[in-house]
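Enquirer: Input structure: entry_27.csv, which contains CSV, C-alpha atoms and all ligand atoms.
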chain,number,residue,atom,x,y,z
X,1,MET,CA,-3.9,22.4,38.7
X,2,THR,CA,-5.9,19.2,39.0
X,3,THR,CA,-6.2,16.6,36.4
X,4,VAL,CA,-9.4,14.6,36.4
X,5,ALA,CA,-9.2,11.2,34.7
X,6,ALA,CA,-12.7,10.2,33.7
X,7,LEU,CA,-13.5,6.5,33.6
X,8,VAL,CA,-14.6,5.8,30.1
X,9,ARG,CA,-17.3,3.2,30.1
X,10,GLU,CA,-16.9,0.5,27.4
X,11,GLY,CA,-13.6,1.9,26.2
X,12,LEU,CA,-13.6,-0.9,23.6
X,13,ARG,CA,-16.7,-2.7,22.4
X,14,ILE,CA,-16.9,-5.3,19.6
X,15,GLU,CA,-20.4,-6.1,18.3
X,16,MET,CA,-21.1,-9.1,16.0
X,17,TYR,CA,-24.5,-10.2,14.5
X,18,TRP,CA,-25.5,-12.6,11.7
X,19,ASN,CA,-28.3,-13.5,9.2
X,20,GLY,CA,-30.1,-10.2,9.6
X,21,PRO,CA,-31.6,-7.8,10.4
X,22,PRO,CA,-34.4,-8.6,10.7
X,23,ASP,CA,-33.7,-11.0,13.7
X,24,ARG,CA,-35.1,-14.4,12.7
X,25,SER,CA,-33.8,-16.1,15.9
X,26,CYS,CA,-35.5,-19.3,17.0
X,27,ASP,CA,-35.1,-18.1,20.6
X,28,GLN,CA,-37.8,-15.5,20.2
X,29,SER,CA,-41.4,-16.0,21.4
X,30,PRO,CA,-43.1,-16.7,19.1
X,31,ALA,CA,-40.3,-17.9,16.8
X,32,PRO,CA,-40.7,-16.6,13.2
X,33,PRO,CA,-41.5,-19.2,10.5
X,34,ASN,CA,-38.3,-20.8,9.1
X,35,CYS,CA,-36.4,-19.4,12.1
X,36,ASP,CA,-32.6,-19.3,12.3
X,37,ALA,CA,-31.0,-21.6,14.9
X,38,SER,CA,-27.4,-21.1,13.9
X,39,ASP,CA,-24.6,-20.4,16.4
X,40,VAL,CA,-21.8,-18.0,15.5
X,41,ASP,CA,-19.2,-17.0,18.1
X,42,LEU,CA,-17.3,-13.8,18.7
X,43,HIS,CA,-13.7,-14.0,19.8
X,44,LEU,CA,-11.1,-11.4,21.0
X,45,LEU,CA,-7.4,-12.2,21.3
X,46,ARG,CA,-5.5,-10.3,23.9
X,47,GLN,CA,-2.5,-8.1,23.1
X,48,GLY,CA,0.5,-10.5,22.7
X,49,GLY,CA,-1.9,-13.5,22.3
X,50,THR,CA,-0.5,-16.2,20.1
X,51,ARG,CA,-3.4,-18.7,19.5
X,52,TRP,CA,-7.2,-18.7,19.1
X,53,PHE,CA,-9.1,-20.9,21.5
X,54,GLU,CA,-6.2,-20.8,24.0
X,55,SER,CA,-8.0,-20.3,27.3
X,56,THR,CA,-6.2,-17.2,28.6
X,57,ASP,CA,-5.3,-15.5,25.3
X,58,ASP,CA,-8.8,-15.7,23.7
X,59,CYS,CA,-12.0,-14.3,25.2
X,60,TYR,CA,-15.0,-16.3,23.9
X,61,TYR,CA,-18.0,-18.3,25.0
X,62,ALA,CA,-16.1,-21.0,26.8
X,63,ASN,CA,-14.4,-18.6,29.3
X,64,CYS,CA,-15.6,-15.1,29.0
X,65,THR,CA,-19.4,-14.9,29.7
X,66,ARG,CA,-19.5,-14.5,33.5
X,67,VAL,CA,-16.6,-12.7,35.1
X,68,GLY,CA,-14.5,-12.6,31.9
X,69,VAL,CA,-10.8,-13.5,31.9
X,70,GLU,CA,-8.0,-11.8,33.7
X,71,TRP,CA,-6.0,-9.6,31.3
X,72,GLY,CA,-3.6,-6.7,31.9
X,73,SER,CA,-3.3,-5.4,35.4
X,74,PRO,CA,-4.9,-7.0,38.5
X,75,SER,CA,-7.8,-4.6,38.0
X,76,PRO,CA,-11.0,-5.9,36.4
X,77,LEU,CA,-11.4,-2.7,34.4
X,78,ASP,CA,-9.0,-4.0,31.7
X,79,ASN,CA,-10.5,-7.5,31.5
X,80,PRO,CA,-12.8,-8.5,28.5
X,81,ARG,CA,-16.2,-9.9,29.0
X,82,LEU,CA,-18.7,-11.4,26.5
X,83,ASP,CA,-22.3,-10.3,27.3
X,84,ILE,CA,-24.0,-13.4,25.9
X,85,ASP,CA,-23.3,-16.6,23.9
X,86,ASP,CA,-26.3,-16.5,21.5
X,87,VAL,CA,-26.7,-20.1,20.2
X,88,GLN,CA,-30.0,-19.5,18.4
X,89,GLY,CA,-29.6,-17.0,15.6
X,90,PHE,CA,-28.7,-13.4,15.0
X,91,GLY,CA,-27.0,-12.3,18.3
X,92,PRO,CA,-25.7,-9.8,18.8
X,93,GLU,CA,-22.7,-10.9,20.8
X,94,ASN,CA,-20.7,-8.1,22.4
X,95,ILE,CA,-17.2,-8.1,24.0
X,96,ASN,CA,-16.5,-5.1,26.2
X,97,ILE,CA,-13.4,-3.8,27.9
X,98,ASP,CA,-14.0,-0.8,30.1
X,99,ALA,CA,-10.4,0.5,30.1
X,100,PRO,CA,-8.2,-1.6,27.8
X,101,ILE,CA,-4.5,-1.4,28.3
X,102,PRO,CA,-2.5,-0.1,25.3
X,103,GLY,CA,-1.7,-2.8,22.7
X,104,THR,CA,-3.2,-4.6,19.7
X,105,TYR,CA,-6.2,-6.8,20.1
X,106,ARG,CA,-7.4,-9.1,17.4
X,107,ILE,CA,-11.1,-9.8,16.5
X,108,GLY,CA,-12.2,-13.2,15.3
X,109,VAL,CA,-15.5,-14.9,14.4
X,110,HIS,CA,-16.1,-18.7,14.4
X,111,TYR,CA,-19.0,-20.4,12.7
X,112,TYR,CA,-19.7,-22.9,15.5
X,113,ASP,CA,-22.9,-24.7,14.2
X,114,ASP,CA,-25.4,-24.1,11.4
X,115,ASP,CA,-28.0,-26.3,13.2
X,116,ALA,CA,-29.3,-27.3,9.8
X,117,PRO,CA,-31.3,-30.5,9.7
X,118,VAL,CA,-29.8,-31.3,6.3
X,119,GLY,CA,-27.0,-29.8,4.2
X,120,ASN,CA,-25.1,-26.8,5.2
X,121,LEU,CA,-26.4,-23.3,5.8
X,122,PRO,CA,-24.1,-20.3,5.4
X,123,ALA,CA,-24.1,-17.5,7.9
X,124,THR,CA,-23.7,-13.9,6.8
X,125,VAL,CA,-21.8,-12.0,9.6
X,126,THR,CA,-21.2,-8.3,10.4
X,127,VAL,CA,-18.8,-6.9,13.0
X,128,ARG,CA,-18.7,-3.4,14.3
X,129,VAL,CA,-16.0,-1.8,16.5
X,130,TYR,CA,-16.6,1.0,19.0
X,131,CYS,CA,-13.8,2.9,20.8
X,132,SER,CA,-15.3,5.0,23.5
X,133,SER,CA,-17.9,6.0,21.0
X,134,THR,CA,-21.6,5.6,20.5
X,135,SER,CA,-21.2,5.2,16.7
X,136,ALA,CA,-19.0,2.5,15.2
X,137,VAL,CA,-15.5,3.5,14.2
X,138,ALA,CA,-15.2,0.6,11.8
X,139,MET,CA,-17.6,-2.0,10.3
X,140,PHE,CA,-16.7,-5.3,8.6
X,141,GLY,CA,-18.9,-7.6,6.5
X,142,PRO,CA,-21.3,-8.8,5.7
X,143,VAL,CA,-19.1,-11.8,5.2
X,144,THR,CA,-20.4,-15.3,4.4
X,145,LEU,CA,-19.1,-18.2,6.5
X,146,TYR,CA,-19.7,-22.0,6.1
X,147,THR,CA,-19.7,-25.1,8.3
X,148,ASP,CA,-18.2,-28.4,7.1
X,149,SER,CA,-20.3,-31.5,7.3
X,150,THR,CA,-17.3,-33.8,7.6
X,151,SER,CA,-15.6,-32.2,10.6
X,152,SER,CA,-16.4,-29.2,12.8
X,153,ASP,CA,-12.7,-28.6,12.9
X,154,GLN,CA,-13.0,-27.4,9.3
X,155,ASN,CA,-15.8,-24.9,10.1
X,156,ASP,CA,-14.9,-21.3,9.1
X,157,PHE,CA,-13.0,-19.0,11.3
X,158,TRP,CA,-12.8,-15.3,10.1
X,159,LYS,CA,-9.8,-13.2,11.2
X,160,VAL,CA,-11.6,-9.9,11.1
X,161,ALA,CA,-9.4,-7.0,12.2
X,162,ASP,CA,-6.8,-5.7,14.7
X,163,VAL,CA,-7.6,-2.9,17.1
X,164,THR,CA,-4.7,-0.9,18.5
X,165,ILE,CA,-5.2,1.1,21.6
X,166,PRO,CA,-2.5,3.7,21.8
X,167,PRO,CA,-1.2,5.1,25.2
X,168,ALA,CA,-3.0,8.3,24.2
X,169,GLY,CA,-5.3,9.3,21.4
X,170,ARG,CA,-7.6,7.5,19.1
X,171,CYS,CA,-7.8,3.8,18.5
X,172,LEU,CA,-6.7,2.4,15.2
X,173,VAL,CA,-8.6,-0.4,13.5
X,174,THR,CA,-6.8,-2.5,10.7
X,175,SER,CA,-8.6,-5.0,8.5
X,176,LEU,CA,-7.0,-8.4,8.2
X,177,ALA,CA,-8.4,-8.9,4.7
X,178,VAL,CA,-5.9,-10.4,2.2
X,179,ASN,CA,-5.9,-9.0,-1.3
X,180,GLY,CA,-9.3,-7.5,-0.6
X,181,GLN,CA,-10.8,-10.8,0.5
X,182,PRO,CA,-11.9,-11.8,4.0
X,183,ASN,CA,-9.2,-13.7,5.9
X,184,ILE,CA,-11.0,-17.0,6.5
X,185,VAL,CA,-9.3,-20.1,7.8
X,186,SER,CA,-10.5,-23.4,9.4
X,187,ARG,CA,-11.0,-23.8,13.1
X,188,ALA,CA,-8.1,-26.2,13.1
X,189,GLU,CA,-5.9,-23.6,11.6
X,190,ALA,CA,-7.1,-20.9,13.9
X,191,MET,CA,-6.2,-23.1,16.9
X,192,GLN,CA,-2.5,-23.0,15.8
X,193,SER,CA,-2.3,-19.3,14.8
X,194,ARG,CA,-3.3,-15.8,15.7
M,1,CA,CA,-22.7,-17.9,19.8
M,2,CA,CA,-7.1,-7.1,34.7
M,3,CA,CA,-30.9,-15.2,19.0
I'd like the structure from this file rewritten - as structure tokens, please.
Expert:
Amino acid sequence: MTTVAALVREGLRIEMYWNGPPDRSCDQSPAPPNCDASDVDLHLLRQGGTRWFESTDDCYYANCTRVGVEWGSPSPLDNPRLDIDDVQGFGPENINIDAPIPGTYRIGVHYYDDDAPVGNLPATVTVRVYCSSTSAVAMFGPVTLYTDSTSSDQNDFWKVADVTIPPAGRCLVTSLAVNGQPNIVSRAEAMQSR
């Protein structure tokens, strides 16, 4: 008897978009009137990771857009990679892992910059989770996030959900909402927690 292990493409995919649809990005040609120039960032914390924004624990725009970061085995198949850092509205931003090793991964969203000339503009964010599937197994949001005009360290960071990849069988997605409310902390707090 022969067992064939198929390589599952995009074993785990997290998708995040904001302020739409429709896409009102300023990076379109032509840009729509009153276009959206805000920058929201998708983050994924590795299994066992302890702090957001820590360079090897957290896959995000600063370290994950080209070759990704090295997680799991020496193989690249279990590494995460961020397809794009969209800094001009809507996204989507996607993080993919072709063959994630078993464990629990944590999804976060950071409101980096509203790019508002005056005042503060909220961002309304949606996250979808795909586990070897073409349709989402879970969806979170829309959730409204804010920047802080006094310090970017106080901008919102949304702890969205945990995704557990079991050794076999279906993935399990658990919301991190607290008492039915989105789990939103400051960037400063996220840097000291998971
Ligand atoms: Ca971004
Ligand atoms: Ca690896
Ligand atoms: Ca865009």
Enquirer: Could you give me, as a tab-separated table, every range 103-171 of chain X residue with an atom at most 8 Å from range 15-33 of chain X, plus its closest atom pair and distance in Å to one decimal, counting only C-alpha atoms, rows ordered by chain then number?
Expert:
residue	atom	partner	partner_atom	distance
X:Ala123	CA	X:Asn19	CA	5.9
X:Thr124	CA	X:Asn19	CA	5.2
X:Val125	CA	X:Trp18	CA	4.3
X:Thr126	CA	X:Tyr17	CA	5.6
X:Val127	CA	X:Met16	CA	4.4
X:Arg128	CA	X:Glu15	CA	5.1
X:Val129	CA	X:Glu15	CA	6.4
Enquirer: Identify the residues around (-2.4, -16.5, 25.8) within a radius of 12 Å, measuring from all atoms listed in the file in the coordinates stated by the file, and give them as a ChimeraX atom specification.
Expert: /X:44-59,69-72,105,191-194
Enquirer: Pick out the residues no farther than 6 Å from ligand CA 3 (chain M), counting all atoms listed in the file, and list them as a list in words.
Expert: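 The neighbouring residues of ligand CA 3 (chain M) are, in order, Ser25, Asp27, Asp86, Gln88, Gly89, Phe90 and Gly91 of chain X.
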Enquirer: Suppose we keep C-alpha atoms; can you now write the selection as an mmCIF file, keeping the file's coordinate frame?
Expert:
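Okay, this is what ended up in result_35.cif:
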data_model
loop_
_atom_site.group_PDB
_atom_site.id
_atom_site.type_symbol
_atom_site.label_atom_id
_atom_site.label_comp_id
_atom_site.auth_asym_id
_atom_site.auth_seq_id
_atom_site.Cartn_x
_atom_site.Cartn_y
_atom_site.Cartn_z
ATOM 1 C CA SER X 25 -33.800 -16.100 15.900
ATOM 2 C CA ASP X 27 -35.100 -18.100 20.600
ATOM 3 C CA ASP X 86 -26.300 -16.500 21.500
ATOM 4 C CA GLN X 88 -30.000 -19.500 18.400
ATOM 5 C CA GLY X 89 -29.600 -17.000 15.600
ATOM 6 C CA PHE X 90 -28.700 -13.400 15.000
ATOM 7 C CA GLY X 91 -27.000 -12.300 18.300
#
Enquirer: How many Å lie between CA of Asp85 in chain X and CA of Thr65 in chain X, rounded to one decimal?
Expert: 7.2 Å
Enquirer: What are the closest atom pairs, with distances in Å to one decimal, for all residues of chain X lying within 7 Å of ligand CA 1 (chain M)? Consider all atoms listed in the file, order rows by chain and residue number, and present the result as CSV.
Expert:
residue,atom,partner,partner_atom,distance
X:Asp39,CA,M:CA1,CA,4.6
X:Val40,CA,M:CA1,CA,4.4
X:Asp41,CA,M:CA1,CA,4.0
X:Leu42,CA,M:CA1,CA,6.9
X:Asp85,CA,M:CA1,CA,4.3
X:Asp86,CA,M:CA1,CA,4.2
X:Val87,CA,M:CA1,CA,4.6
Enquirer: Keeping C-alpha atoms for every residue in the selection just given, could you write it to a file as a PDB file, in the frame of the given file?
Expert:
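Output contents, as saved in part-v6.pdb:
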ATOM      1  CA  ASP X  39     -24.600 -20.400  16.400  1.00  0.00           C
ATOM      2  CA  VAL X  40     -21.800 -18.000  15.500  1.00  0.00           C
ATOM      3  CA  ASP X  41     -19.200 -17.000  18.100  1.00  0.00           C
ATOM      4  CA  LEU X  42     -17.300 -13.800  18.700  1.00  0.00           C
ATOM      5  CA  ASP X  85     -23.300 -16.600  23.900  1.00  0.00           C
ATOM      6  CA  ASP X  86     -26.300 -16.500  21.500  1.00  0.00           C
ATOM      7  CA  VAL X  87     -26.700 -20.100  20.200  1.00  0.00           C
TER       8      VAL X  87
END
Enquirer: To one decimal place, how far is CA of Ile101 in chain X from CA of Asp83 in chain X in Å?
Expert: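 Separation of CA of Ile101 in chain X and CA of Asp83 in chain X: 19.9 Å.
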Enquirer: Find the distance between CA of Ser75 in chain X and CA of Gly11 in chain X and write it in Å to one decimal.
Expert: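 Taking CA of Ser75 in chain X and CA of Gly11 in chain X, their separation equals 14.7 Å.
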Enquirer: When you count all atoms listed in the file, which of these residues is closest to ligand CA 2 (chain M): X:Val67, X:Leu145, X:Ala188, X:Val137?
Expert: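 Ranking X:Val67, X:Leu145, X:Ala188, X:Val137 by distance to ligand CA 2 (chain M), first place goes to X:Val67.
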Enquirer: Just checking: using only C-alpha atoms and all ligand atoms, which residue out of X:Pro122, X:Gly141, X:Pro76, X:Gly108 ends up closest to ligand CA 2 (chain M)?
Expert: X:Pro76
